[in-house]
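Novice: What follows is the file final20.txt, containing compact mmCIF, C-alpha atoms:
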```txt
# COMPACT_ATOMS: atom_id res chain seq x y z
CA MET S 14 114.23 108.27 161.04
CA LYS S 15 117.19 110.67 160.76
CA PHE S 16 115.96 111.69 157.30
CA LEU S 17 112.58 112.73 158.79
CA PHE S 18 114.31 114.55 161.64
CA ASP S 19 116.45 116.47 159.14
CA LEU S 20 113.36 117.38 157.10
CA PHE S 21 111.26 118.36 160.14
CA PRO S 22 111.71 122.17 159.68
CA VAL S 23 111.04 121.98 155.92
CA LEU S 24 107.86 119.95 156.41
CA LEU S 25 106.59 122.42 159.01
CA PHE S 26 107.46 125.31 156.67
CA PHE S 27 105.42 123.73 153.87
CA ILE S 28 102.42 123.08 156.13
CA ALA S 29 102.52 126.63 157.52
CA TYR S 30 102.81 128.07 154.01
CA LYS S 31 99.76 126.11 152.81
CA LEU S 32 97.72 127.11 155.89
CA TYR S 33 98.86 130.74 156.25
CA ASP S 34 101.48 132.59 154.20
CA ILE S 35 105.20 132.78 153.41
CA TYR S 36 105.99 135.01 156.40
CA THR S 37 104.29 132.73 158.93
CA ALA S 38 106.01 129.77 157.28
CA THR S 39 109.37 131.55 157.58
CA ALA S 40 108.81 132.18 161.30
CA VAL S 41 107.86 128.51 161.70
CA ILE S 42 111.02 127.25 159.98
CA ILE S 43 113.19 129.51 162.17
CA VAL S 44 111.61 128.14 165.36
CA ALA S 45 111.65 124.55 164.02
CA SER S 46 115.35 124.83 163.11
CA ILE S 47 116.18 126.12 166.60
CA LEU S 48 114.20 123.22 168.11
CA GLN S 49 115.93 120.76 165.77
CA VAL S 50 119.42 121.90 166.80
CA GLY S 51 118.42 122.05 170.49
CA GLY S 52 116.76 118.63 170.38
CA PHE S 53 119.79 117.07 168.70
CA TRP S 54 122.08 118.59 171.33
CA LEU S 55 119.89 117.35 174.21
CA LYS S 56 119.89 113.82 172.82
CA HIS S 57 123.53 113.54 171.67
CA ARG S 58 125.31 116.30 173.64
CA ARG S 59 126.87 117.56 170.43
CA PHE S 60 125.88 119.58 167.38
CA GLU S 61 125.71 118.35 163.82
CA LYS S 62 127.55 120.71 161.45
CA MET S 63 124.87 120.65 158.77
CA HIS S 64 122.14 121.54 161.29
CA LEU S 65 124.20 124.50 162.56
CA ILE S 66 124.98 125.77 159.05
CA THR S 67 121.32 125.48 158.11
CA LEU S 68 120.27 127.23 161.32
CA VAL S 69 122.56 130.19 160.64
CA PHE S 70 121.21 130.57 157.09
CA VAL S 71 117.60 130.14 158.21
CA VAL S 72 117.87 132.69 161.02
CA ILE S 73 119.74 135.32 158.97
CA LEU S 74 117.84 134.96 155.70
CA GLY S 75 114.52 134.12 157.35
CA GLY S 76 114.87 137.11 159.63
CA ALA S 77 115.56 139.30 156.58
CA THR S 78 112.50 137.81 154.86
CA ILE S 79 110.23 138.71 157.78
CA PHE S 80 111.81 142.14 158.18
CA LEU S 81 111.78 143.15 154.49
CA GLN S 82 108.57 141.36 153.42
CA ASP S 83 109.68 141.68 149.79
CA GLU S 84 108.60 138.89 147.41
CA ASN S 85 111.54 139.51 145.06
CA PHE S 86 114.00 139.09 147.95
CA ILE S 87 112.29 135.83 148.89
CA LYS S 88 112.53 134.50 145.34
CA TRP S 89 116.17 135.54 144.88
CA LYS S 90 117.24 134.07 148.22
CA PRO S 91 117.69 130.39 147.15
CA THR S 92 119.70 131.48 144.13
CA VAL S 93 121.99 133.70 146.20
CA VAL S 94 122.52 130.91 148.77
CA ASN S 95 123.32 128.36 146.04
CA TRP S 96 125.71 130.77 144.33
CA ILE S 97 127.44 131.51 147.65
CA PHE S 98 127.93 127.76 148.07
CA ALA S 99 129.27 127.56 144.50
CA ILE S 100 131.81 130.33 145.21
CA ALA S 101 132.82 128.75 148.55
CA PHE S 102 133.26 125.28 147.03
CA LEU S 103 135.21 126.73 144.11
CA ALA S 104 137.45 128.79 146.40
CA SER S 105 138.10 125.73 148.59
CA GLN S 106 139.56 124.03 145.54
CA PHE S 107 142.45 126.51 145.57
CA ILE S 108 142.82 127.24 149.29
CA GLY S 109 144.28 124.62 151.60
CA LYS S 110 145.01 120.95 150.98
CA ARG S 111 141.41 119.69 150.93
CA ASN S 112 138.31 121.13 149.30
CA PHE S 113 135.00 121.51 151.18
CA LEU S 114 133.57 118.24 149.95
CA GLN S 115 136.65 116.35 151.04
CA MET S 116 136.61 118.07 154.45
CA MET S 117 132.96 117.07 154.94
CA LEU S 118 133.17 113.47 153.73
CA ASP S 119 136.71 112.11 153.91
CA LYS S 120 136.11 110.56 157.34
CA GLN S 121 133.21 108.53 155.91
CA ILE S 122 134.59 107.81 152.44
CA ILE S 123 138.10 106.89 151.34
CA LEU S 124 138.68 107.56 147.63
CA THR S 125 141.46 106.36 145.34
CA SER S 126 142.80 109.85 144.59
CA ASN S 127 142.46 113.57 145.23
CA HIS S 128 141.52 113.97 141.56
CA VAL S 129 138.17 112.29 142.35
CA TRP S 130 137.57 114.76 145.20
CA ARG S 131 138.34 117.66 142.84
CA THR S 132 135.97 116.30 140.20
CA LEU S 133 133.18 115.90 142.77
CA ASN S 134 133.81 119.36 144.18
CA PHE S 135 133.59 120.91 140.69
CA ALA S 136 130.41 118.90 140.06
CA TRP S 137 128.86 120.53 143.14
CA VAL S 138 130.01 123.98 142.01
CA THR S 139 128.29 123.38 138.67
CA TYR S 140 125.18 122.01 140.37
CA PHE S 141 124.88 125.04 142.69
CA ILE S 142 125.18 127.43 139.74
CA ILE S 143 122.61 125.56 137.64
CA ILE S 144 120.09 125.10 140.46
CA GLY S 145 120.38 128.83 141.18
CA MET S 146 119.58 129.65 137.56
CA ILE S 147 116.66 127.20 137.50
CA ASN S 148 115.29 128.82 140.67
CA LEU S 149 115.31 132.26 139.00
CA TYR S 150 113.58 130.88 135.93
CA VAL S 151 110.78 129.28 137.96
CA ALA S 152 110.51 132.21 140.40
CA PHE S 153 109.99 134.82 137.71
CA ASN S 154 108.05 132.81 135.11
CA TYR S 155 105.49 131.09 137.33
CA ASP S 156 103.21 132.09 140.20
CA THR S 157 104.42 132.06 143.82
CA ASN S 158 102.62 128.80 144.70
CA THR S 159 104.34 126.98 141.84
CA TRP S 160 107.67 128.48 142.87
CA VAL S 161 107.24 127.41 146.54
CA ASN S 162 106.37 123.85 145.42
CA PHE S 163 109.43 123.84 143.15
CA LYS S 164 111.64 125.23 145.91
CA LEU S 165 110.57 122.54 148.37
CA PHE S 166 110.05 119.50 146.18
CA GLY S 167 111.68 120.26 142.83
CA MET S 168 115.00 121.35 144.30
CA MET S 169 114.96 118.45 146.74
CA GLY S 170 114.19 116.01 143.92
CA LEU S 171 116.95 117.42 141.72
CA THR S 172 119.38 117.20 144.62
CA ILE S 173 118.46 113.56 145.29
CA ILE S 174 118.96 112.72 141.60
CA PHE S 175 122.31 114.53 141.62
CA VAL S 176 123.44 112.65 144.76
CA ILE S 177 122.44 109.30 143.20
CA ILE S 178 124.45 110.12 140.08
CA GLN S 179 127.40 111.03 142.29
CA GLY S 180 127.01 107.75 144.18
CA ILE S 181 127.21 105.82 140.92
CA TYR S 182 130.32 107.79 139.94
CA LEU S 183 131.87 107.30 143.40
CA SER S 184 131.31 103.54 143.41
CA LYS S 185 134.26 103.15 141.01
CA TYR S 186 136.66 105.03 143.27
CA ILE S 187 135.76 104.07 146.85
CA VAL S 188 138.51 102.24 148.70
CA ILE S 189 137.22 99.49 150.95
CA SER S 190 139.31 99.08 154.09
CA ASP S 191 140.50 95.61 155.16
CA GLU S 192 138.02 95.65 158.06
CA GLU S 193 135.06 96.44 155.79
CA GLU S 194 136.22 93.82 153.29
CA LYS S 195 136.26 91.19 156.06
CA LYS S 196 132.74 92.19 157.13
CA GLU S 197 131.47 91.94 153.55
CA LYS S 198 133.13 88.54 153.12
CA THR S 199 131.59 87.29 156.38
CA VAL S 200 128.11 88.53 155.36
CA SER S 201 128.53 86.95 151.91
CA GLU S 202 129.65 83.62 153.39
CA GLN S 203 126.78 83.66 155.91
CA SER S 204 124.29 84.34 153.09
CA SER S 205 125.55 81.39 151.06
CA ILE S 206 125.35 79.11 154.14
CA ASP S 207 121.78 80.29 154.92
CA GLY S 208 120.66 80.13 151.26
```
Represent the structure from my file as structure tokens, please.
Specialist:
Amino acid sequence: MKFLFDLFPVLLFFIAYKLYDIYTATAVIIVASILQVGGFWLKHRRFEKMHLITLVFVVILGGATIFLQDENFIKWKPTVVNWIFAIAFLASQFIGKRNFLQMMLDKQIILTSNHVWRTLNFAWVTYFIIIGMINLYVAFNYDTNTWVNFKLFGMMGLTIIFVIIQGIYLSKYIVISDEEEKKEKTVSEQSSIDG
């Protein structure tokens, strides 16, 4: 359910684009993102960081899209955003004690060493650079409809594949706490009793 809630603005963008045009779709995603953040706050009385970051990008870049109405700007936008993320993730590697990835995930995941966090962070830097280059290739070698489909589904698909690969890599380095180990043992014992 959370996955659908997170994708709500993107789905509305895609529908609006297919029914109208890129500018209407951009206005729709701005409004949908505001509703998403507001709805989450009403339900949980807190904001989710990723929703807020997305909202800021959507409002600033979406507003610029509507204001400029320049197709080249629209096509360059995902690349610029990805490359900004690449620069930020790379800079975080050298500033402070924890990189961005570690700051975002270390409460959910305990890893065996900081080296693993650095490797993952560099993997994301590389991913952001490559996905930005792929976006430019598709944007300027195919028609706008193909590019929009790639932007929504191709980039999402590539990101899902990348996250799965990271999950496989991470599985070797995740530290299971004593509490989690006890839960797993209890579930395993219960399964063998039931089976």
Novice: Extract, using only C-alpha atoms, all DNA, RNA and protein residues at most 10 Å from range 117-121 of chain S, discarding same-chain residues fewer than 5 positions from it, and format them as a list in words.
Specialist: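 Here the answer would be Lys62, Met63, Arg111, Asn112 and Trp130 of chain S.
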Novice: One decimal, Å: what's the distance from CA of Glu61 in chain S over to CA of Phe21 in chain S, could you say?
Specialist: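 Between CA of Glu61 in chain S and CA of Phe21 in chain S the gap is 14.9 Å.
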Novice: Hey, can you check how far CA of Phe107 in chain S sits from CA of Val94 in chain S?
Specialist: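 If I compute the distance from CA of Phe107 in chain S to CA of Val94 in chain S, I get 20.7 Å.
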Novice: Taking all atoms of range 166-184 of chain S that appear in the file, build a box with edges along x, y and z, extend it by 6 Å on every side, and state its centre and edge lengths in Å to one decimal, as AutoDock Vina command-line options.
Specialist:
```
--center_x 121.0 --center_y 112.4 --center_z 143.3 --size_x 33.8 --size_y 29.8 --size_z 18.8
```
Novice: With only C-alpha atoms as the atoms that count, which of S:Asp156, S:His64, S:Ile144, S:Thr78 lies nearest to Gly170 in chain S?
Specialist: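 Of S:Asp156, S:His64, S:Ile144, S:Thr78, the one nearest Gly170 in chain S is S:Ile144, counting only C-alpha atoms.
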Novice: For each of S:Met146, S:Leu65, S:Val41, S:Leu55, take the minimum atom-to-atom distance to Lys90 in chain S, counting all atoms listed in the file, then give the residue where this is smallest.
Specialist: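 So, comparing all the options, the nearest one is S:Met146.
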Novice: Using all atoms listed in the file, can you tell me which of S:Asn162, S:Thr172, S:Gln82, S:Asn134 comes closest to Phe27 in chain S?
Specialist: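 Under the stated criterion, the closest residue is S:Asn162.
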Novice: As an exercise, work out the distance from CA of Tyr150 in chain S to CA of Ile181 in chain S in Å and give it to one decimal place.
Specialist: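 Atom-to-atom, CA of Tyr150 in chain S and CA of Ile181 in chain S are spaced 29.0 Å apart.
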Novice: Show me as a list in words the residues that reach within 12 Å of (143.0, 111.4, 144.6), counting all atoms listed in the file and using the file's own coordinates.
Specialist: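 Residues found, by chain and rising number: Lys110, Arg111, Asn112, Gln115, Asp119, Ile123, Leu124, Thr125, Ser126, Asn127, His128, Val129, Trp130, Arg131, Thr132, Leu133, Leu183, Tyr186, Ile187 and Val188 of chain S.
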Novice: Can you pull out the residues contacting Trp137 in chain S? Cut-off 10 Å, using all atoms listed in the file, and skip same-chain residues under 2 positions away; I want them as a ChimeraX atom specification.
Specialist: /S:98-99,102-103,114,131-135,139-143,175-176,179
Novice: Env of Phe60 in chain S: 7 Å cut, atoms = all atoms listed in the file, seq-sep filter 3 positions within chain, self excluded. Answer as a list of chain:residue names.
Specialist: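 Here the answer would be S:Val50, S:Phe53, S:Trp54.
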Novice: Report as a VMD selection string all protein, DNA and RNA residues lying within 9 Å of Leu149 in chain S, evaluated on all atoms listed in the file, omitting residues in the same chain fewer than 3 positions from it.
Specialist: chain S and resid 88 to 89 91 to 92 144 to 146 152 to 154
Novice: Pick the closest to Ile189 in chain S from S:Val71, S:Met168, S:Ile122, S:Ile43: which is it, counting all atoms listed in the file?
Specialist: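 Between S:Val71, S:Met168, S:Ile122, S:Ile43, the residue approaching Ile189 in chain S most closely is S:Ile122.
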Novice: Smallest atom-to-atom distance to Thr159 in chain S: which of S:Met116, S:Ala136, S:Ile79, S:Lys31, using only C-alpha atoms?
Specialist: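 Among S:Met116, S:Ala136, S:Ile79, S:Lys31, it is S:Lys31 that comes nearest to Thr159 in chain S.
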Novice: Please determine, counting all atoms listed in the file, which residue among S:Ile177, S:Leu25, S:Leu171, S:Ile108 has the shortest atom-to-atom distance to Gln49 in chain S.
Specialist: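 Closest candidate: S:Leu25.
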